[in-house]
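In what follows, a structure is listed as structure tokens, so that the remarks can point back to it.
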Amino acid sequence: MAELKERKLTGDIKQILENELQIPVAKMLLKGWKCGDVDDSTVLRTLHLPKNSNLYVLTPDLPPPPLLSSSSSALQELLNQNFMLIITHREVQREYSLNFSGSSTIQEVKRNVYDLTSIPVRHQLWEGWPPAASDDSMTLAAAGINYPCHRLTVGRRSSPAQTRVQPEEPSTDVHMVSDSDGDDFEDATEFGVDDGEIFGMSSSSTLRKSPMMPENAENEGDALLQFTAEFSSRYGDCHPVFFIGSLEAAFQEAFYGKARDRKLLAIYLHHDESVLTNVFCSQMLCVESVVSYLSQNFITWAWDTTKEANRARFLTMCTRHFGSVVAQTIRTQKTDQFPLFLIVMGKRSSNEVLNVIQGNTTVDELMMRLMAAMEIFTAQQQEDIKDEDEREAREKVKREQDEAYRLSLEADRAKREAQEREMAEQFRLEQIKKEQEEEREAIRLSLEQALPPEPEEENNEPVSKLRIRTPSGEFFERRFLASNNLQVVFDFVASKGYPWEEFKLLSTFPRRDVTQMDPCKSLMDAKLYPQETLFLEAKE
């Protein structure tokens, strides 16, 4: 498909297929487009195809080919057709309708009839084969049988004489007795010894097959493991991938993921006693195109309804998941209508069975019904994807709004907490400051109370008069006895709110720091007598 992207129209693909298959363009139907059916004038680039795509060619309107043609092209066309063989079992008067491709051999037909009638190939006595069908290795297309439907009769050869009966007059039909597959044991069978008795076992034991599924299996996963192994043993490894697990788990896998990942659910119901089972499994269900299409678009779940207990168990599951109407539909199916293929699509509130395909079908019809179900599913899936995208967009907007709101709340909370911390710190500092001020005031009061009384101007003892200037420019004065030491002056200044630990007391002429002098020194010795002007300066 990647190479075809350079071409302009989808009709160009049909032109290539016409050259390869010798089928007219007008008779082809191309199926498998993800966007539904497209016409021949559609430009490939507008379909936005992936790098690799699988398409299917159907030819529902192709006219019936001639019975036999000597040309290779006519024979090739017959090889691609499907023949319906209506085979009557003479002894039990039972009729089987079997589908075979033109490339199937007469030997394959006889082996399938052996599965249905239990008549070994070498014991089969046939009526209705054309004179040209003289070799069991011949294909149906080359045998000259009628298309699309041909009638045959088969019976069991009862004696050697019967195999040599020839018609007295020429006829278009011949009586055929196969001499292949076990001629070494022909004489033994003619004398009433069956195949199984030659090997020391009964005939019924040679026909017995292992059951596809154990009866009354408690674990569905284990039962399906046995089903898959037995199916591979009978029909080969080219078959659909059967989901291993319960039906509920298959629903979960198919329907409850992302809308883009969802698939249809195909439920295969097997029945060993149906005459159609072997043909359906080997010639339709195991065809590579069917296997590929199912693998890409379906979850395939299987169940064996041969045993009554297993059939009843599935009907119970069917009633629970699909309702009584679908369960009744399955219940009324006759054994010869099996196998059944249920196509299930998951919906918002329920699971819908889109199609019930019976075993009497052809590969083309099976593919067309699978594709028709896929088209319905694709349309529903596109709606689900759109709804899911819109819902996710709304949820994304809501998440963004919730995140923005959360961040806003966190920012407000952080701001409020910062304000609370700031207020708490401010309160703490104020408390400290208040405590310090109270402590200072207490110290000031104690110093003020401890000061000696201020002497009178006229006193028998020498009096020193000090004038002190504060940093704010104010002055306060006091008289001290000249014999008072400097500590009394320091305490006086501290009582006014200027502790000497924080302020320096300086004299002017000469300039000196009084607070650096010995506090025990008298005013007289410090030369602060009879009067002096001092000023306060904050320490750095």
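Ordering of the structure tokens sets the chain letters (A, B, ...), residue numbers begin anew at 1 in every chain, and ligands are numbered from 1 in the order given.
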
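When the distance limit is 7 Å and only C-alpha atoms are what count, the residues near segment 30-44 of chain A, minus those fewer than 3 positions from it on the same chain, are Lys5, Lys8, Leu9, Thr10, Gly11, Leu47, Asn54, Leu55, Tyr56, Val57, Leu58 and Glu375 of chain A.
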
**Message:** Give me the residues near Lys263 of chain A as a list of chain:residue names, where near means some atom within 7 Å (using only C-alpha atoms) and where sequence neighbours in that chain fewer than 4 positions away do not count.
**Reply:** A:Ala254, A:Phe255, A:Asn297, A:Phe298, A:Ile299

Just to be explicit: take each residue in the selection above, keep C-alpha atoms, and write the result as a short mmCIF file (atom, residue, chain, number, x, y, z; two decimals), in the first residue's frame.
```cif
data_model
loop_
_atom_site.label_atom_id
_atom_site.label_comp_id
_atom_site.auth_asym_id
_atom_site.auth_seq_id
_atom_site.Cartn_x
_atom_site.Cartn_y
_atom_site.Cartn_z
CA ALA A 254 -12.79 -5.75 23.76
CA PHE A 255 -15.13 -3.04 25.03
CA ASN A 297 -10.36 -6.18 14.28
CA PHE A 298 -11.80 -8.71 16.73
CA ILE A 299 -11.27 -10.36 20.10
#
```

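The list of residues with at least one atom within 10 Å of Asp115 of chain A, based on only C-alpha atoms and without residues fewer than 2 positions apart in the same chain, reads Lys110, Arg111, Asn112, Val113, Thr117, Ser118, Ile119, Pro120, Val121, Leu207, Val275, Thr277, Asn278 and Val279 of chain A.
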
File of the preceding selection, N, CA and C atoms, as a tab-separated table (two decimals), in the first residue's frame:
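After the write, part00.tsv holds the following:
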```tsv
chain	number	residue	atom	x	y	z
A	110	LYS	N	-13.61	-36.63	-0.19
A	110	LYS	CA	-13.89	-37.96	0.36
A	110	LYS	C	-13.46	-38.06	1.83
A	111	ARG	N	-12.38	-37.40	2.17
A	111	ARG	CA	-11.95	-37.44	3.57
A	111	ARG	C	-12.92	-36.67	4.46
A	112	ASN	N	-13.46	-35.54	3.96
A	112	ASN	CA	-14.47	-34.81	4.72
A	112	ASN	C	-15.74	-35.64	4.89
A	113	VAL	N	-16.11	-36.37	3.83
A	113	VAL	CA	-17.29	-37.23	3.91
A	113	VAL	C	-17.05	-38.35	4.92
A	117	THR	N	-19.69	-39.33	7.74
A	117	THR	CA	-20.47	-40.57	7.61
A	117	THR	C	-19.82	-41.77	8.26
A	118	SER	N	-18.55	-41.64	8.64
A	118	SER	CA	-17.78	-42.75	9.21
A	118	SER	C	-17.54	-43.86	8.20
A	119	ILE	N	-17.68	-43.57	6.91
A	119	ILE	CA	-17.37	-44.55	5.86
A	119	ILE	C	-15.93	-44.29	5.42
A	120	PRO	N	-15.00	-45.22	5.67
A	120	PRO	CA	-13.62	-45.01	5.22
A	120	PRO	C	-13.57	-44.73	3.72
A	121	VAL	N	-12.57	-43.98	3.32
A	121	VAL	CA	-12.47	-43.55	1.92
A	121	VAL	C	-12.49	-44.75	0.97
A	207	LEU	N	-12.68	-43.69	15.67
A	207	LEU	CA	-13.32	-42.44	15.25
A	207	LEU	C	-13.43	-41.45	16.39
A	275	VAL	N	-22.53	-31.71	11.11
A	275	VAL	CA	-21.87	-32.15	9.87
A	275	VAL	C	-21.07	-31.03	9.24
A	277	THR	N	-19.12	-28.80	10.91
A	277	THR	CA	-18.04	-28.29	11.75
A	277	THR	C	-16.67	-28.39	11.08
A	278	ASN	N	-16.32	-29.59	10.58
A	278	ASN	CA	-14.99	-29.77	10.00
A	278	ASN	C	-14.78	-28.89	8.78
A	279	VAL	N	-15.79	-28.78	7.92
A	279	VAL	CA	-15.66	-27.95	6.72
A	279	VAL	C	-15.54	-26.48	7.11
```

**Close residues, Gly359 of chain A itself excluded, 10 Å, only C-alpha atoms, min 6 positions apart in chain, as a ChimeraX atom specification** = /A:98,269-270,274-281,284-285,336-341,366

**Message:** Which residues are close to segment 319-333 of chain A, i.e. within 8 Å by only C-alpha atoms, leaving aside same-chain residues fewer than 5 positions away? Reply as a list of chain:residue names.
**Reply:**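 Near segment 319-333 of chain A, the qualifying residues are A:Phe338, A:Ser350, A:Asn351, A:Glu352, A:Val353.
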
How would the residues just picked look written out with N, CA and C atoms as a compact mmCIF listing (two decimals), in the first residue's frame?
```
# COMPACT_ATOMS: atom_id res chain seq x y z
N PHE A 338 -24.89 -25.61 13.47
CA PHE A 338 -23.60 -25.24 14.07
C PHE A 338 -22.49 -25.56 13.07
N SER A 350 -25.20 -1.59 27.15
CA SER A 350 -25.44 -3.02 26.94
C SER A 350 -24.52 -3.52 25.84
N ASN A 351 -24.56 -4.85 25.64
CA ASN A 351 -23.81 -5.49 24.56
C ASN A 351 -24.79 -5.97 23.50
N GLU A 352 -24.55 -5.59 22.26
CA GLU A 352 -25.49 -5.89 21.18
C GLU A 352 -24.91 -6.96 20.26
N VAL A 353 -25.68 -8.00 19.99
CA VAL A 353 -25.28 -9.04 19.04
C VAL A 353 -25.68 -8.57 17.64
```

**Message:** When you count only C-alpha atoms, which of these residues is closest to Ser97 of chain A: A:Arg151, A:Lys496, A:Lys465, A:Arg478?
**Reply:**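 Smallest distance to Ser97 of chain A is found for A:Arg151.
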
Proximity check segment 260-295 of chain A to segment 300-312 of chain A, 7 Å, nearest pairs one decimal Å, only C-alpha atoms, as JSON lines:
```
{"residue": "A:Leu265", "atom": "CA", "partner": "A:Thr300", "partner_atom": "CA", "distance": 6.0}
{"residue": "A:Ala266", "atom": "CA", "partner": "A:Thr300", "partner_atom": "CA", "distance": 4.7}
{"residue": "A:Ile267", "atom": "CA", "partner": "A:Trp301", "partner_atom": "CA", "distance": 4.9}
{"residue": "A:Tyr268", "atom": "CA", "partner": "A:Ala302", "partner_atom": "CA", "distance": 4.6}
{"residue": "A:Leu269", "atom": "CA", "partner": "A:Trp303", "partner_atom": "CA", "distance": 5.2}
{"residue": "A:His270", "atom": "CA", "partner": "A:Asp304", "partner_atom": "CA", "distance": 4.6}
{"residue": "A:His271", "atom": "CA", "partner": "A:Thr306", "partner_atom": "CA", "distance": 4.7}
{"residue": "A:Asp272", "atom": "CA", "partner": "A:Thr306", "partner_atom": "CA", "distance": 5.8}
{"residue": "A:Glu273", "atom": "CA", "partner": "A:Thr306", "partner_atom": "CA", "distance": 6.8}
```

Preceding selection exported with C-alpha atoms as a PDB file, in the first residue's frame:
```pdb
ATOM      1  CA  LEU A 265     -16.069  -9.515  19.998  1.00  0.00           C
ATOM      2  CA  ALA A 266     -16.447 -12.697  17.924  1.00  0.00           C
ATOM      3  CA  ILE A 267     -17.836 -15.691  19.829  1.00  0.00           C
ATOM      4  CA  TYR A 268     -17.220 -19.024  18.097  1.00  0.00           C
ATOM      5  CA  LEU A 269     -19.588 -21.810  19.218  1.00  0.00           C
ATOM      6  CA  HIS A 270     -18.236 -25.247  18.321  1.00  0.00           C
ATOM      7  CA  HIS A 271     -20.249 -28.490  18.050  1.00  0.00           C
ATOM      8  CA  ASP A 272     -18.520 -31.767  17.220  1.00  0.00           C
ATOM      9  CA  GLU A 273     -21.750 -33.511  16.190  1.00  0.00           C
TER      10      GLU A 273
END
```

**Message:** Residues within 12 Å of Leu85 of chain A, please, as a PyMOL selection string. Count only C-alpha atoms; anything in the same chain fewer than 2 positions from it doesn't count.
**Reply:** chain A and resi 82-83+87-88+95-102+104+106+109-110+112-113+128-129+140+145-154+279+360

**Close residues, Arg369 of chain A itself excluded, 10 Å, only C-alpha atoms, min 2 positions apart in chain, as a PyMOL selection string** = chain A and resi 343+354-357+363-367+371-375

**Message:** Please return, as a PyMOL selection string, all residues of segment 298-479 of chain A that DSSP assigns to helix (DSSP H, G or I) on the basis of the backbone.
**Reply:** chain A and resi 308-322+324-331+335-337+363-450

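Using only C-alpha atoms, the shortest contact distance between Cys238 of chain A and any of A:Ala250, A:Ala223, A:Ile443, A:Cys286 is found at A:Cys286.
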
**Message:** Taking only C-alpha atoms into account, name the residue in A:Val493, A:Ala379, A:Leu315, A:Leu447 that is nearest to Arg469 of chain A.
**Reply:**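 Of all the options, A:Val493 lies closest to Arg469 of chain A.
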
**Asked** So how many Å separate atom CA of Glu108 of chain A and atom CA of Ala132 of chain A, to one decimal?
**Response**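 Taking atom CA of Glu108 of chain A and atom CA of Ala132 of chain A, their separation equals 17.1 Å.
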